[in-house]
$ cat data32.cif   # mmCIF, C-alpha atoms
data_protein
#
loop_
_atom_site.label_atom_id
_atom_site.label_comp_id
_atom_site.auth_asym_id
_atom_site.auth_seq_id
_atom_site.Cartn_x
_atom_site.Cartn_y
_atom_site.Cartn_z
CA MET A 1 23.98 -12.06 15.08
CA HIS A 2 21.53 -9.30 14.23
CA TRP A 3 24.24 -7.55 12.25
CA MET A 4 24.92 -10.68 10.20
CA ILE A 5 21.27 -11.05 9.21
CA GLU A 6 21.21 -7.48 7.94
CA PHE A 7 24.49 -7.99 6.08
CA LEU A 8 23.05 -11.09 4.37
CA LEU A 9 19.86 -9.22 3.42
CA PHE A 10 21.86 -6.34 1.94
CA VAL A 11 24.01 -8.68 -0.13
CA ILE A 12 20.95 -10.49 -1.50
CA LEU A 13 19.34 -7.10 -2.21
CA ILE A 14 22.30 -5.94 -4.28
CA VAL A 15 22.48 -9.28 -6.10
CA ALA A 16 18.77 -9.02 -6.93
CA ALA A 17 19.31 -5.51 -8.27
CA LEU A 18 22.22 -6.72 -10.42
CA VAL A 19 20.25 -9.64 -11.84
CA GLY A 20 17.27 -7.41 -12.51
CA LEU A 21 19.48 -5.00 -14.43
CA THR A 22 21.16 -7.63 -16.57
CA VAL A 23 18.30 -9.99 -17.42
CA ARG A 24 16.86 -9.66 -20.94
CA ASN A 25 13.39 -11.11 -20.37
CA LEU A 26 11.24 -8.27 -19.08
CA LEU A 27 8.77 -10.60 -17.34
CA ALA A 28 11.63 -12.05 -15.31
CA ALA A 29 12.80 -8.52 -14.55
CA ALA A 30 9.34 -7.65 -13.20
CA VAL A 31 9.35 -10.72 -10.95
CA ILE A 32 12.86 -9.83 -9.72
CA LEU A 33 11.56 -6.33 -8.96
CA THR A 34 8.96 -7.85 -6.64
CA ILE A 35 11.71 -9.92 -5.00
CA PHE A 36 13.69 -6.70 -4.53
CA SER A 37 10.82 -4.93 -2.82
CA PHE A 38 10.12 -7.95 -0.63
CA LEU A 39 13.76 -7.95 0.48
CA THR A 40 13.40 -4.25 1.23
CA ALA A 41 10.44 -5.17 3.44
CA ALA A 42 12.58 -7.78 5.23
CA ILE A 43 15.26 -5.15 5.87
CA MET A 44 12.61 -2.84 7.29
CA VAL A 45 11.48 -5.64 9.63
CA SER A 46 15.04 -6.15 10.80
CA LEU A 47 15.34 -2.41 11.45
CA GLY A 48 12.18 -2.48 13.56
CA ALA A 49 9.80 -0.55 11.28
CA ILE A 50 6.97 -3.06 11.00
CA ASP A 51 4.43 -0.72 9.49
CA VAL A 52 6.73 0.50 6.73
CA ALA A 53 7.64 -3.12 6.02
CA PHE A 54 3.97 -4.08 5.76
CA THR A 55 3.23 -1.27 3.30
CA GLU A 56 6.34 -2.06 1.27
CA ALA A 57 5.53 -5.78 1.06
CA VAL A 58 1.89 -5.24 0.11
CA VAL A 59 2.42 -2.44 -2.41
CA GLY A 60 5.74 -3.55 -3.85
CA ALA A 61 5.03 -7.24 -4.13
CA GLY A 62 1.28 -7.01 -4.75
CA ALA A 63 0.18 -4.02 -6.74
CA VAL A 64 3.31 -2.87 -8.57
CA GLY A 65 4.11 -6.41 -9.73
CA VAL A 66 0.65 -6.86 -11.22
CA PHE A 67 0.75 -3.48 -12.96
CA SER A 68 4.20 -3.99 -14.45
CA ILE A 69 3.30 -7.50 -15.63
CA VAL A 70 0.16 -6.17 -17.35
CA ALA A 71 2.17 -3.35 -18.93
CA ILE A 72 4.71 -5.88 -20.23
CA LEU A 73 1.96 -8.15 -21.61
CA MET A 74 0.58 -5.21 -23.59
CA THR A 75 3.97 -4.30 -25.11
CA SER A 76 6.98 -6.39 -26.08
CA ARG A 77 8.44 -9.16 -23.94
CA LYS A 78 12.13 -8.64 -24.74
CA SER A 79 14.31 -5.70 -23.98
CA ARG A 80 16.62 -4.53 -26.76
CA ASP A 81 18.62 -2.42 -24.32
CA MET B 1 4.23 -14.67 -28.42
CA SER B 2 2.90 -11.76 -26.48
CA THR B 3 -0.61 -11.76 -25.13
CA THR B 4 -2.41 -8.89 -26.73
CA ASN B 5 -4.90 -6.50 -25.30
CA THR B 6 -7.88 -8.10 -27.00
CA GLU B 7 -7.07 -11.54 -25.60
CA LEU B 8 -7.12 -10.28 -22.03
CA CYS B 9 -10.50 -8.59 -22.39
CA SER B 10 -12.27 -9.77 -25.49
CA LYS B 11 -15.95 -9.12 -25.86
CA GLU B 12 -16.81 -12.04 -28.11
CA SER B 13 -15.28 -14.66 -25.83
CA SER B 14 -16.90 -13.35 -22.70
CA MET B 15 -17.43 -16.81 -21.28
CA MET B 16 -13.83 -17.82 -21.95
CA ALA B 17 -11.11 -16.66 -19.63
CA PRO B 18 -7.66 -15.60 -20.89
CA THR B 19 -6.02 -18.72 -19.49
CA GLU B 20 -7.63 -22.10 -20.02
CA SER B 21 -5.62 -23.81 -17.32
CA PRO B 22 -8.01 -25.21 -14.68
CA ILE B 23 -5.23 -25.14 -12.08
CA VAL B 24 -4.89 -21.37 -12.37
CA HIS B 25 -8.68 -20.95 -12.27
CA LEU B 26 -9.23 -23.09 -9.20
CA ALA B 27 -6.20 -21.75 -7.34
CA SER B 28 -7.10 -18.12 -7.92
CA ARG B 29 -10.75 -18.68 -7.04
CA GLY B 30 -9.68 -20.43 -3.85
CA ILE B 31 -7.01 -17.96 -2.76
CA SER B 32 -8.90 -14.75 -3.52
CA PRO B 33 -11.48 -15.00 -0.66
CA VAL B 34 -8.66 -15.74 1.78
CA ILE B 35 -6.84 -12.58 0.68
CA LEU B 36 -10.10 -10.63 1.04
CA LEU B 37 -10.50 -11.98 4.58
CA VAL B 38 -6.91 -11.10 5.49
CA GLY B 39 -7.45 -7.62 4.06
CA MET B 40 -10.56 -7.11 6.20
CA TYR B 41 -8.61 -8.37 9.23
CA VAL B 42 -5.73 -5.99 8.58
CA PHE B 43 -8.14 -3.09 8.17
CA PHE B 44 -10.26 -3.74 11.27
CA HIS B 45 -7.30 -4.75 13.45
CA GLY B 46 -5.30 -1.65 12.56
CA HIS B 47 -5.99 -0.19 16.00
CA TYR B 48 -4.16 -3.00 17.76
CA SER B 49 -1.49 -4.27 15.37
CA PRO B 50 0.45 -3.02 12.35
CA GLY B 51 -1.87 -2.36 9.49
CA GLY B 52 -4.63 0.08 8.83
CA GLY B 53 -6.49 1.63 5.96
CA PHE B 54 -3.81 1.78 3.31
CA GLN B 55 -2.46 -1.73 3.75
CA GLY B 56 -5.93 -3.27 4.06
CA GLY B 57 -7.08 -1.44 0.95
CA VAL B 58 -4.13 -2.65 -1.09
CA LEU B 59 -4.73 -6.24 0.11
CA LEU B 60 -8.41 -6.06 -0.89
CA ALA B 61 -7.36 -4.65 -4.26
CA ALA B 62 -4.80 -7.45 -4.67
CA ALA B 63 -7.53 -10.07 -4.23
CA ILE B 64 -9.68 -8.44 -6.91
CA LEU B 65 -6.67 -7.97 -9.21
CA LEU B 66 -5.86 -11.67 -8.86
CA LEU B 67 -9.36 -12.51 -10.07
CA ARG B 68 -9.11 -9.95 -12.88
CA LEU B 69 -5.76 -11.33 -14.01
CA SER B 70 -6.72 -15.01 -13.98
CA LEU B 71 -10.41 -15.07 -14.89
CA GLY B 72 -10.45 -12.06 -17.18
CA THR B 73 -12.26 -8.78 -16.77
CA SER B 74 -15.67 -9.93 -17.98
CA LEU B 75 -15.93 -12.94 -15.68
CA SER B 76 -14.83 -11.02 -12.61
CA GLN B 77 -17.36 -8.24 -13.08
CA PRO B 78 -19.70 -9.47 -10.28
CA VAL B 79 -16.93 -9.00 -7.68
CA MET B 80 -16.35 -5.36 -8.57
CA PRO B 81 -17.96 -3.84 -11.67
CA SER B 82 -15.83 -1.56 -13.80
CA TRP B 83 -18.25 1.35 -13.77
CA ILE B 84 -18.35 1.61 -10.00
CA THR B 85 -14.63 1.90 -9.28
CA LEU B 86 -13.96 5.61 -9.79
CA ARG B 87 -17.29 6.52 -8.21
CA LEU B 88 -16.44 4.54 -5.07
CA SER B 89 -12.98 6.12 -5.07
CA ALA B 90 -14.52 9.58 -5.01
CA LEU B 91 -16.91 8.40 -2.30
CA GLY B 92 -14.01 7.32 -0.09
CA ALA B 93 -12.25 10.67 -0.40
CA LEU B 94 -15.61 12.31 0.30
CA ILE B 95 -16.08 10.28 3.49
CA PHE B 96 -12.68 11.41 4.76
CA ALA B 97 -13.20 15.09 3.92
CA GLY B 98 -16.83 14.95 5.03
CA ILE B 99 -15.89 13.87 8.54
CA GLY B 100 -13.50 16.81 8.70
CA LEU B 101 -16.14 19.20 7.47
CA LEU B 102 -18.70 17.72 9.88
CA SER B 103 -16.48 18.53 12.81
CA ILE B 104 -16.09 22.07 11.44
CA LEU B 105 -19.87 22.45 11.24
CA LEU B 106 -20.28 21.22 14.81
CA GLY B 107 -17.89 23.78 16.21
CA GLY B 108 -14.43 22.23 16.17
CA ASN B 109 -11.34 22.35 14.03
CA PHE B 110 -10.92 20.47 10.76
CA LEU B 111 -10.78 16.69 11.47
CA ASP B 112 -11.24 17.17 15.21
CA TYR B 113 -13.09 13.99 16.13
CA HIS B 114 -14.02 15.32 19.54
CA TYR B 115 -17.01 17.11 17.99
CA LEU B 116 -18.54 14.19 16.10
CA PRO B 117 -22.28 13.81 16.75
CA MET B 118 -22.16 10.67 18.90
CA PRO B 119 -22.97 11.94 22.40
CA TRP B 120 -23.39 8.51 24.00
CA LEU B 121 -19.65 7.84 23.80
CA GLU B 122 -17.00 9.19 26.08
CA PRO B 123 -14.46 11.49 24.37
CA ALA B 124 -11.63 8.98 24.09
CA TYR B 125 -13.82 6.41 22.37
CA LEU B 126 -15.19 9.18 20.17
CA ARG B 127 -11.69 9.62 18.78
CA TYR B 128 -11.43 5.82 18.46
CA TYR B 129 -14.49 5.64 16.23
CA GLY B 130 -13.42 8.77 14.38
CA ILE B 131 -10.17 7.04 13.43
CA LEU B 132 -12.16 3.97 12.33
CA LEU B 133 -14.49 6.04 10.11
CA VAL B 134 -11.56 7.83 8.51
CA GLU B 135 -9.84 4.52 7.79
CA VAL B 136 -13.00 3.33 6.02
CA GLY B 137 -12.59 6.21 3.58
CA VAL B 138 -8.89 5.47 3.03
CA THR B 139 -9.62 1.76 2.42
CA ILE B 140 -12.37 2.39 -0.12
CA THR B 141 -10.30 4.93 -2.03
CA VAL B 142 -7.13 2.85 -2.23
CA MET B 143 -8.92 -0.39 -3.13
CA THR B 144 -11.04 1.04 -5.92
CA THR B 145 -8.32 3.26 -7.35
CA LEU B 146 -5.99 0.31 -7.92
CA VAL B 147 -8.76 -1.67 -9.64
CA ALA B 148 -9.67 1.40 -11.72
CA ILE B 149 -6.06 1.83 -12.87
CA TYR B 150 -5.98 -1.86 -13.91
CA ASP B 151 -9.22 -1.51 -15.86
CA ASP B 152 -8.02 1.65 -17.60
CA LEU B 153 -4.71 -0.03 -18.44
CA LEU B 154 -6.51 -2.86 -20.21
CA GLY B 155 -9.10 -0.54 -21.69
CA CYS B 156 -12.18 -2.53 -20.89
CA MET C 1 28.55 1.45 -18.86
CA LYS C 2 28.19 -1.98 -17.28
CA THR C 3 31.19 -1.45 -15.03
CA LEU C 4 29.77 1.92 -14.03
CA GLN C 5 26.53 0.21 -12.95
CA TYR C 6 28.41 -2.43 -11.00
CA LEU C 7 30.62 0.15 -9.29
CA LEU C 8 27.58 2.25 -8.41
CA LEU C 9 25.80 -0.74 -6.88
CA LEU C 10 28.87 -1.87 -4.95
CA THR C 11 29.32 1.66 -3.62
CA PHE C 12 25.70 1.61 -2.54
CA LEU C 13 26.23 -1.73 -0.79
CA GLY C 14 29.19 -0.27 1.06
CA ILE C 15 27.20 2.80 2.11
CA LEU C 16 24.31 0.63 3.35
CA ILE C 17 26.59 -1.61 5.38
CA VAL C 18 28.46 1.32 6.94
CA ALA C 19 25.17 2.99 7.80
CA VAL C 20 23.72 -0.14 9.39
CA THR C 21 26.81 -0.98 11.42
CA ASN C 22 26.76 2.50 12.94
CA LEU C 23 23.13 2.24 14.03
CA PRO C 24 22.42 1.68 17.75
CA PRO C 25 20.96 -1.74 18.61
CA ARG C 26 17.22 -2.13 18.32
CA GLY C 27 15.44 -1.22 21.56
CA ASP C 28 18.49 0.51 23.06
CA VAL C 29 17.22 2.90 25.75
CA THR C 30 20.33 5.07 25.52
CA ALA C 31 19.91 5.76 21.81
CA PRO C 32 19.30 9.44 20.92
CA VAL C 33 15.87 8.74 19.41
CA HIS C 34 14.62 7.18 22.62
CA GLN C 35 15.59 10.08 24.84
CA HIS C 36 13.18 12.58 26.30
CA VAL C 37 15.47 15.47 25.35
CA ASN C 38 17.58 15.32 22.22
CA PRO C 39 21.32 16.23 22.17
CA ALA C 40 20.53 19.80 21.09
CA GLY C 41 18.69 20.37 24.36
CA THR C 42 15.10 20.61 23.11
CA ILE C 43 12.25 18.20 23.78
CA VAL C 44 11.81 15.43 21.19
CA ALA C 45 8.64 15.92 19.16
CA GLY C 46 7.43 12.36 19.56
CA THR C 47 7.40 12.53 23.35
CA TYR C 48 3.92 14.02 23.50
CA PHE C 49 2.54 11.37 21.15
CA ILE C 50 4.07 8.48 23.06
CA GLN C 51 2.82 9.78 26.39
CA HIS C 52 -0.69 10.81 25.35
CA ALA C 53 -1.67 8.47 22.51
CA TYR C 54 -3.44 5.87 24.62
CA GLU C 55 -5.27 8.34 26.86
CA ASP C 56 -6.46 10.38 23.91
CA ALA C 57 -7.83 7.68 21.66
CA ARG C 58 -7.80 4.36 23.60
CA THR C 59 -5.81 2.82 20.76
CA PRO C 60 -2.78 0.68 21.62
CA ASN C 61 -1.17 1.14 18.23
CA MET C 62 0.12 4.67 18.53
CA LEU C 63 1.15 4.85 14.90
CA THR C 64 -2.51 4.66 13.89
CA VAL C 65 -3.29 7.50 16.30
CA VAL C 66 -0.51 9.67 14.88
CA LEU C 67 -1.45 8.82 11.30
CA ALA C 68 -5.22 9.26 11.55
CA ASP C 69 -5.73 11.62 14.46
CA TYR C 70 -2.79 13.93 15.18
CA ARG C 71 -1.69 14.12 11.56
CA ALA C 72 -5.02 13.45 9.87
CA PHE C 73 -4.61 16.30 7.43
CA ASP C 74 -1.50 14.59 6.07
CA THR C 75 -3.44 11.38 5.52
CA LEU C 76 -6.16 13.38 3.78
CA GLY C 77 -3.54 14.69 1.37
CA GLU C 78 -2.34 11.12 0.77
CA VAL C 79 -5.86 9.96 -0.08
CA ILE C 80 -6.37 12.94 -2.42
CA VAL C 81 -3.07 12.08 -4.16
CA VAL C 82 -4.17 8.45 -4.68
CA PHE C 83 -7.53 9.58 -6.02
CA ALA C 84 -5.91 12.13 -8.32
CA GLY C 85 -3.60 9.41 -9.63
CA GLY C 86 -6.54 7.20 -10.49
CA LEU C 87 -8.32 10.11 -12.14
CA ALA C 88 -5.23 10.99 -14.20
CA CYS C 89 -4.91 7.37 -15.36
CA PHE C 90 -8.59 7.45 -16.34
CA PHE C 91 -8.20 10.59 -18.42
CA ILE C 92 -4.87 9.67 -20.03
CA LEU C 93 -5.46 5.99 -20.81
CA ASN C 94 -9.04 6.48 -22.04
CA ARG C 95 -8.12 9.25 -24.48
CA GLY C 96 -9.78 8.58 -27.82
CA ARG C 97 -11.36 5.40 -26.58
CA ARG C 98 -15.04 4.90 -25.91
CA LYS C 99 -16.06 3.22 -22.66
CA PRO C 100 -18.52 0.37 -23.29
#
$ encode --input "data32.cif" --output "structure tokens"
Amino acid sequence: MHWMIEFLLFVILIVAALVGLTVRNLLAAAVILTIFSFLTAAIMVSLGAIDVAFTEAVVGAGAVGVFSIVAILMTSRKSRD
Amino acid sequence: MSTTNTELCSKESSMMAPTESPIVHLASRGISPVILLVGMYVFFHGHYSPGGGFQGGVLLAAAILLLRLSLGTSLSQPVMPSWITLRLSALGALIFAGIGLLSILLGGNFLDYHYLPMPWLEPAYLRYYGILLVEVGVTITVMTTLVAIYDDLLGC
Amino acid sequence: MKTLQYLLLLTFLGILIVAVTNLPPRGDVTAPVHQHVNPAGTIVAGTYFIQHAYEDARTPNMLTVVLADYRAFDTLGEVIVVFAGGLACFFILNRGRRKP
């Protein structure tokens, strides 16, 4: 049961990474990055490291998301890849 | 249409926020004190539950960044002025290092809380309050540094 | 290039799943990290912290005690790094720009 939850979280993590790599809109990519770090926090919870999960959720989904969104608003919205 | 730098922090429209949507205004002004309260809880309850200085500081910074992002820099100046951020950041690092140096001056090792000048406490609780004072420094530094980086990024 | 990315990510997924399936269950008392003496025969470093954290600082969360009391110099370095990052952003992003 525990194993299946971790398997599901890993699959969603890899799917989020794939979508974040392929999407063209940079604002959507920044939001998917916050989803990625929140899933990392969920994996840390399932591994039993609550404090690491707390730091990851707060920093990855709070501060880094805001900074990357501001950096995107000051430059161009689309990626030319 | 990309929002430019001058729209996010324009001087001439100091009474006008970057977004005119009243939903965003009211929601951010309602949620921000709750995030501040949760941040204070995480910081002060770090002795008993997961949390502590770093996480509480980032939560406090997230509340202020939410106000900065939705109301604009000029309207959210009363919460945390731009000129005070780096000074408070230096003050937090100084609190941390100052407690270490204080315990050196009173005869102990660096950051040895056993030698703090609070003789009415028993030694175990002396370490308890030493940890709390150190976490105050960590919280102030992390909170103000994140706000300072945001202000420098927008240039206002 | 795209297929290389996909193959890299799928390899990473496989590595993660193999690593997680080989972990001991959470809270297993027979796991090597929860032993008093590790398989090499020496005493585990965290044993002292787990046994003495509450008596030393009267703090139930022993991670706070390790982070801010036993390893306080490490946390001081972390705070200095955060402060230096803010200072570097101040000097780089405000280059050639006058603060109002």
$ atom_distance --input "data32.cif" --atom1 "CA of Asp151 (chain B)" --atom2 "CA of Ser82 (chain B)"
6.9 Å
$ residues_around --input "data32.cif" --residues "Val19 (chain A)" --least-positions-apart "5" --cutoff "9 Å" --atoms "all atoms listed in the file" --output "mmCIF file with C-alpha atoms, in the coordinates of the input"
data_model
loop_
_atom_site.group_PDB
_atom_site.id
_atom_site.type_symbol
_atom_site.label_atom_id
_atom_site.label_comp_id
_atom_site.auth_asym_id
_atom_site.auth_seq_id
_atom_site.Cartn_x
_atom_site.Cartn_y
_atom_site.Cartn_z
ATOM 1 C CA ILE A 14 22.300 -5.940 -4.280
ATOM 2 C CA ALA A 29 12.800 -8.520 -14.550
ATOM 3 C CA ILE A 32 12.860 -9.830 -9.720
#
$ residues_around --input "data32.cif" --residues "region 40-48 of chain C" --least-positions-apart "5" --cutoff "12 Å" --atoms "all atoms listed in the file" --output "PyMOL selection string"
chain C and resi 32-35+53-56+62-63+66+70
$ residues_around --input "data32.cif" --residues "Leu9 (chain C)" --least-positions-apart "6" --cutoff "10 Å" --atoms "only C-alpha atoms" --output "number ranges by chain"
A: 14-15, 17-18; C: 3, 15
$ interface_residues --input "data32.cif" --of "chain A" --to "chain C" --cutoff "10 Å" --atoms "all atoms listed in the file" --output "PyMOL selection string"
chain A and resi 2-4+6-7+10-11+13-15+17-18+21-22+46-48+51
$ interface_residues --input "data32.cif" --of "chain A" --to "chain B" --cutoff "9 Å" --atoms "only C-alpha atoms" --output "list in words"
Ile50, Asp51, Phe54, Thr55, Val58, Val59, Gly62, Ala63, Val66, Phe67, Val70, Ala71, Ile72, Leu73, Met74, Thr75, Ser76 and Arg77 of chain A
$ write_last_selection --input "data32.cif" --atoms "C-alpha atoms" --output "PDB file, keeping the file's coordinate frame"
ATOM      1  CA  ILE A  50       6.970  -3.060  11.000  1.00  0.00           C
ATOM      2  CA  ASP A  51       4.430  -0.720   9.490  1.00  0.00           C
ATOM      3  CA  PHE A  54       3.970  -4.080   5.760  1.00  0.00           C
ATOM      4  CA  THR A  55       3.230  -1.270   3.300  1.00  0.00           C
ATOM      5  CA  VAL A  58       1.890  -5.240   0.110  1.00  0.00           C
ATOM      6  CA  VAL A  59       2.420  -2.440  -2.410  1.00  0.00           C
ATOM      7  CA  GLY A  62       1.280  -7.010  -4.750  1.00  0.00           C
ATOM      8  CA  ALA A  63       0.180  -4.020  -6.740  1.00  0.00           C
ATOM      9  CA  VAL A  66       0.650  -6.860 -11.220  1.00  0.00           C
ATOM     10  CA  PHE A  67       0.750  -3.480 -12.960  1.00  0.00           C
ATOM     11  CA  VAL A  70       0.160  -6.170 -17.350  1.00  0.00           C
ATOM     12  CA  ALA A  71       2.170  -3.350 -18.930  1.00  0.00           C
ATOM     13  CA  ILE A  72       4.710  -5.880 -20.230  1.00  0.00           C
ATOM     14  CA  LEU A  73       1.960  -8.150 -21.610  1.00  0.00           C
ATOM     15  CA  MET A  74       0.580  -5.210 -23.590  1.00  0.00           C
ATOM     16  CA  THR A  75       3.970  -4.300 -25.110  1.00  0.00           C
ATOM     17  CA  SER A  76       6.980  -6.390 -26.080  1.00  0.00           C
ATOM     18  CA  ARG A  77       8.440  -9.160 -23.940  1.00  0.00           C
TER      19      ARG A  77
END
$ interface_residues --input "data32.cif" --of "chain C" --to "chain B" --cutoff "7 Å" --atoms "only C-alpha atoms" --output "PDB file with C-alpha atoms, keeping the file's coordinate frame"
ATOM      1  CA  GLU C  55      -5.270   8.340  26.860  1.00  0.00           C
ATOM      2  CA  ASP C  56      -6.460  10.380  23.910  1.00  0.00           C
ATOM      3  CA  ALA C  57      -7.830   7.680  21.660  1.00  0.00           C
ATOM      4  CA  ARG C  58      -7.800   4.360  23.600  1.00  0.00           C
ATOM      5  CA  THR C  59      -5.810   2.820  20.760  1.00  0.00           C
ATOM      6  CA  PRO C  60      -2.780   0.680  21.620  1.00  0.00           C
ATOM      7  CA  ASN C  61      -1.170   1.140  18.230  1.00  0.00           C
ATOM      8  CA  THR C  64      -2.510   4.660  13.890  1.00  0.00           C
ATOM      9  CA  ALA C  68      -5.220   9.260  11.550  1.00  0.00           C
ATOM     10  CA  ASP C  69      -5.730  11.620  14.460  1.00  0.00           C
ATOM     11  CA  ALA C  72      -5.020  13.450   9.870  1.00  0.00           C
ATOM     12  CA  LEU C  76      -6.160  13.380   3.780  1.00  0.00           C
ATOM     13  CA  VAL C  79      -5.860   9.960  -0.080  1.00  0.00           C
ATOM     14  CA  ILE C  80      -6.370  12.940  -2.420  1.00  0.00           C
ATOM     15  CA  VAL C  82      -4.170   8.450  -4.680  1.00  0.00           C
ATOM     16  CA  PHE C  83      -7.530   9.580  -6.020  1.00  0.00           C
ATOM     17  CA  GLY C  86      -6.540   7.200 -10.490  1.00  0.00           C
ATOM     18  CA  CYS C  89      -4.910   7.370 -15.360  1.00  0.00           C
ATOM     19  CA  PHE C  90      -8.590   7.450 -16.340  1.00  0.00           C
ATOM     20  CA  LEU C  93      -5.460   5.990 -20.810  1.00  0.00           C
ATOM     21  CA  ASN C  94      -9.040   6.480 -22.040  1.00  0.00           C
TER      22      ASN C  94
END
$ residues_around --input "data32.cif" --residues "Pro117 (chain B)" --least-positions-apart "5" --cutoff "10 Å" --atoms "all atoms listed in the file" --output "short mmCIF file (atom, residue, chain, number, x, y, z; two decimals) with C-alpha atoms, keeping the file's coordinate frame"
data_model
loop_
_atom_site.label_atom_id
_atom_site.label_comp_id
_atom_site.auth_asym_id
_atom_site.auth_seq_id
_atom_site.Cartn_x
_atom_site.Cartn_y
_atom_site.Cartn_z
CA LEU B 102 -18.70 17.72 9.88
CA SER B 103 -16.48 18.53 12.81
CA LEU B 106 -20.28 21.22 14.81
CA LEU B 126 -15.19 9.18 20.17
#
$ resolve_selection --input "data32.cif" --expression "the PyMOL selection byres ((chain A and resi 34) around 9)" --output "JSON, numbers by chain"
{"A": [29, 30, 31, 32, 33, 35, 36, 37, 38, 39, 57, 60, 61, 62, 64, 65]}
$ atom_distance --input "data32.cif" --atom1 "CA of Thr40 (chain A)" --atom2 "CA of Leu9 (chain A)"
8.4 Å
$ closest_residue --input "data32.cif" --among "A:Val52, A:Ser68, A:Ala42, A:Lys78" --to "Ile5 (chain A)" --atoms "all atoms listed in the file"
A:Ala42
$ atom_distance --input "data32.cif" --atom1 "CA of Ile35 (chain B)" --atom2 "CA of Leu67 (chain B)"
11.0 Å
$ closest_residue --input "data32.cif" --among "B:Leu60, B:Ile104, B:Leu88, B:Val24" --to "Val38 (chain B)" --atoms "only C-alpha atoms"
B:Leu60
$ closest_residue --input "data32.cif" --among "C:Asn38, C:Ala88, C:Gly96, C:Phe49" --to "Arg71 (chain C)" --atoms "only C-alpha atoms"
C:Phe49
$ decode --input "data32.cif" --residues "region 30-42 of chain C" --atoms "N, CA, C and O atoms" --output "PDB file, in the first residue's frame"
ATOM      1  N   THR C  30      14.585  -2.843  12.795  1.00  0.00           N
ATOM      2  CA  THR C  30      15.761  -3.631  12.415  1.00  0.00           C
ATOM      3  C   THR C  30      16.528  -3.004  11.258  1.00  0.00           C
ATOM      4  O   THR C  30      17.467  -3.611  10.751  1.00  0.00           O
ATOM      5  N   ALA C  31      16.113  -1.807  10.832  1.00  0.00           N
ATOM      6  CA  ALA C  31      16.824  -1.151   9.740  1.00  0.00           C
ATOM      7  C   ALA C  31      18.203  -0.693  10.226  1.00  0.00           C
ATOM      8  O   ALA C  31      18.386  -0.421  11.412  1.00  0.00           O
ATOM      9  N   PRO C  32      19.195  -0.624   9.331  1.00  0.00           N
ATOM     10  CA  PRO C  32      20.549  -0.248   9.776  1.00  0.00           C
ATOM     11  C   PRO C  32      20.637   1.159  10.375  1.00  0.00           C
ATOM     12  O   PRO C  32      21.468   1.396  11.242  1.00  0.00           O
ATOM     13  N   VAL C  33      19.772   2.092   9.923  1.00  0.00           N
ATOM     14  CA  VAL C  33      19.885   3.442  10.479  1.00  0.00           C
ATOM     15  C   VAL C  33      19.354   3.512  11.899  1.00  0.00           C
ATOM     16  O   VAL C  33      19.675   4.432  12.625  1.00  0.00           O
ATOM     17  N   HIS C  34      18.518   2.574  12.288  1.00  0.00           N
ATOM     18  CA  HIS C  34      17.944   2.638  13.624  1.00  0.00           C
ATOM     19  C   HIS C  34      18.711   1.795  14.639  1.00  0.00           C
ATOM     20  O   HIS C  34      18.237   1.596  15.742  1.00  0.00           O
ATOM     21  N   GLN C  35      19.853   1.291  14.241  1.00  0.00           N
ATOM     22  CA  GLN C  35      20.627   0.473  15.170  1.00  0.00           C
ATOM     23  C   GLN C  35      21.553   1.330  16.011  1.00  0.00           C
ATOM     24  O   GLN C  35      21.926   2.447  15.623  1.00  0.00           O
ATOM     25  N   HIS C  36      21.916   0.807  17.153  1.00  0.00           N
ATOM     26  CA  HIS C  36      22.863   1.505  18.016  1.00  0.00           C
ATOM     27  C   HIS C  36      24.271   1.442  17.430  1.00  0.00           C
ATOM     28  O   HIS C  36      25.040   2.396  17.527  1.00  0.00           O
ATOM     29  N   VAL C  37      24.598   0.317  16.824  1.00  0.00           N
ATOM     30  CA  VAL C  37      25.919   0.105  16.234  1.00  0.00           C
ATOM     31  C   VAL C  37      25.707  -0.229  14.768  1.00  0.00           C
ATOM     32  O   VAL C  37      24.902  -1.094  14.438  1.00  0.00           O
ATOM     33  N   ASN C  38      26.410   0.450  13.894  1.00  0.00           N
ATOM     34  CA  ASN C  38      26.188   0.209  12.475  1.00  0.00           C
ATOM     35  C   ASN C  38      26.914  -1.046  12.018  1.00  0.00           C
ATOM     36  O   ASN C  38      27.690  -1.620  12.778  1.00  0.00           O
ATOM     37  N   PRO C  39      26.653  -1.544  10.787  1.00  0.00           N
ATOM     38  CA  PRO C  39      27.247  -2.824  10.368  1.00  0.00           C
ATOM     39  C   PRO C  39      28.766  -2.833  10.366  1.00  0.00           C
ATOM     40  O   PRO C  39      29.368  -3.919  10.419  1.00  0.00           O
ATOM     41  N   ALA C  40      29.410  -1.682  10.309  1.00  0.00           N
ATOM     42  CA  ALA C  40      30.870  -1.667  10.339  1.00  0.00           C
ATOM     43  C   ALA C  40      31.417  -1.862  11.741  1.00  0.00           C
ATOM     44  O   ALA C  40      32.625  -2.038  11.909  1.00  0.00           O
ATOM     45  N   GLY C  41      30.564  -1.815  12.763  1.00  0.00           N
ATOM     46  CA  GLY C  41      31.025  -2.092  14.108  1.00  0.00           C
ATOM     47  C   GLY C  41      31.250  -0.876  14.973  1.00  0.00           C
ATOM     48  O   GLY C  41      31.588  -1.001  16.143  1.00  0.00           O
ATOM     49  N   THR C  42      31.064   0.347  14.410  1.00  0.00           N
ATOM     50  CA  THR C  42      31.248   1.550  15.211  1.00  0.00           C
ATOM     51  C   THR C  42      29.888   2.092  15.641  1.00  0.00           C
ATOM     52  O   THR C  42      28.851   1.729  15.090  1.00  0.00           O
TER      53      THR C  42
END
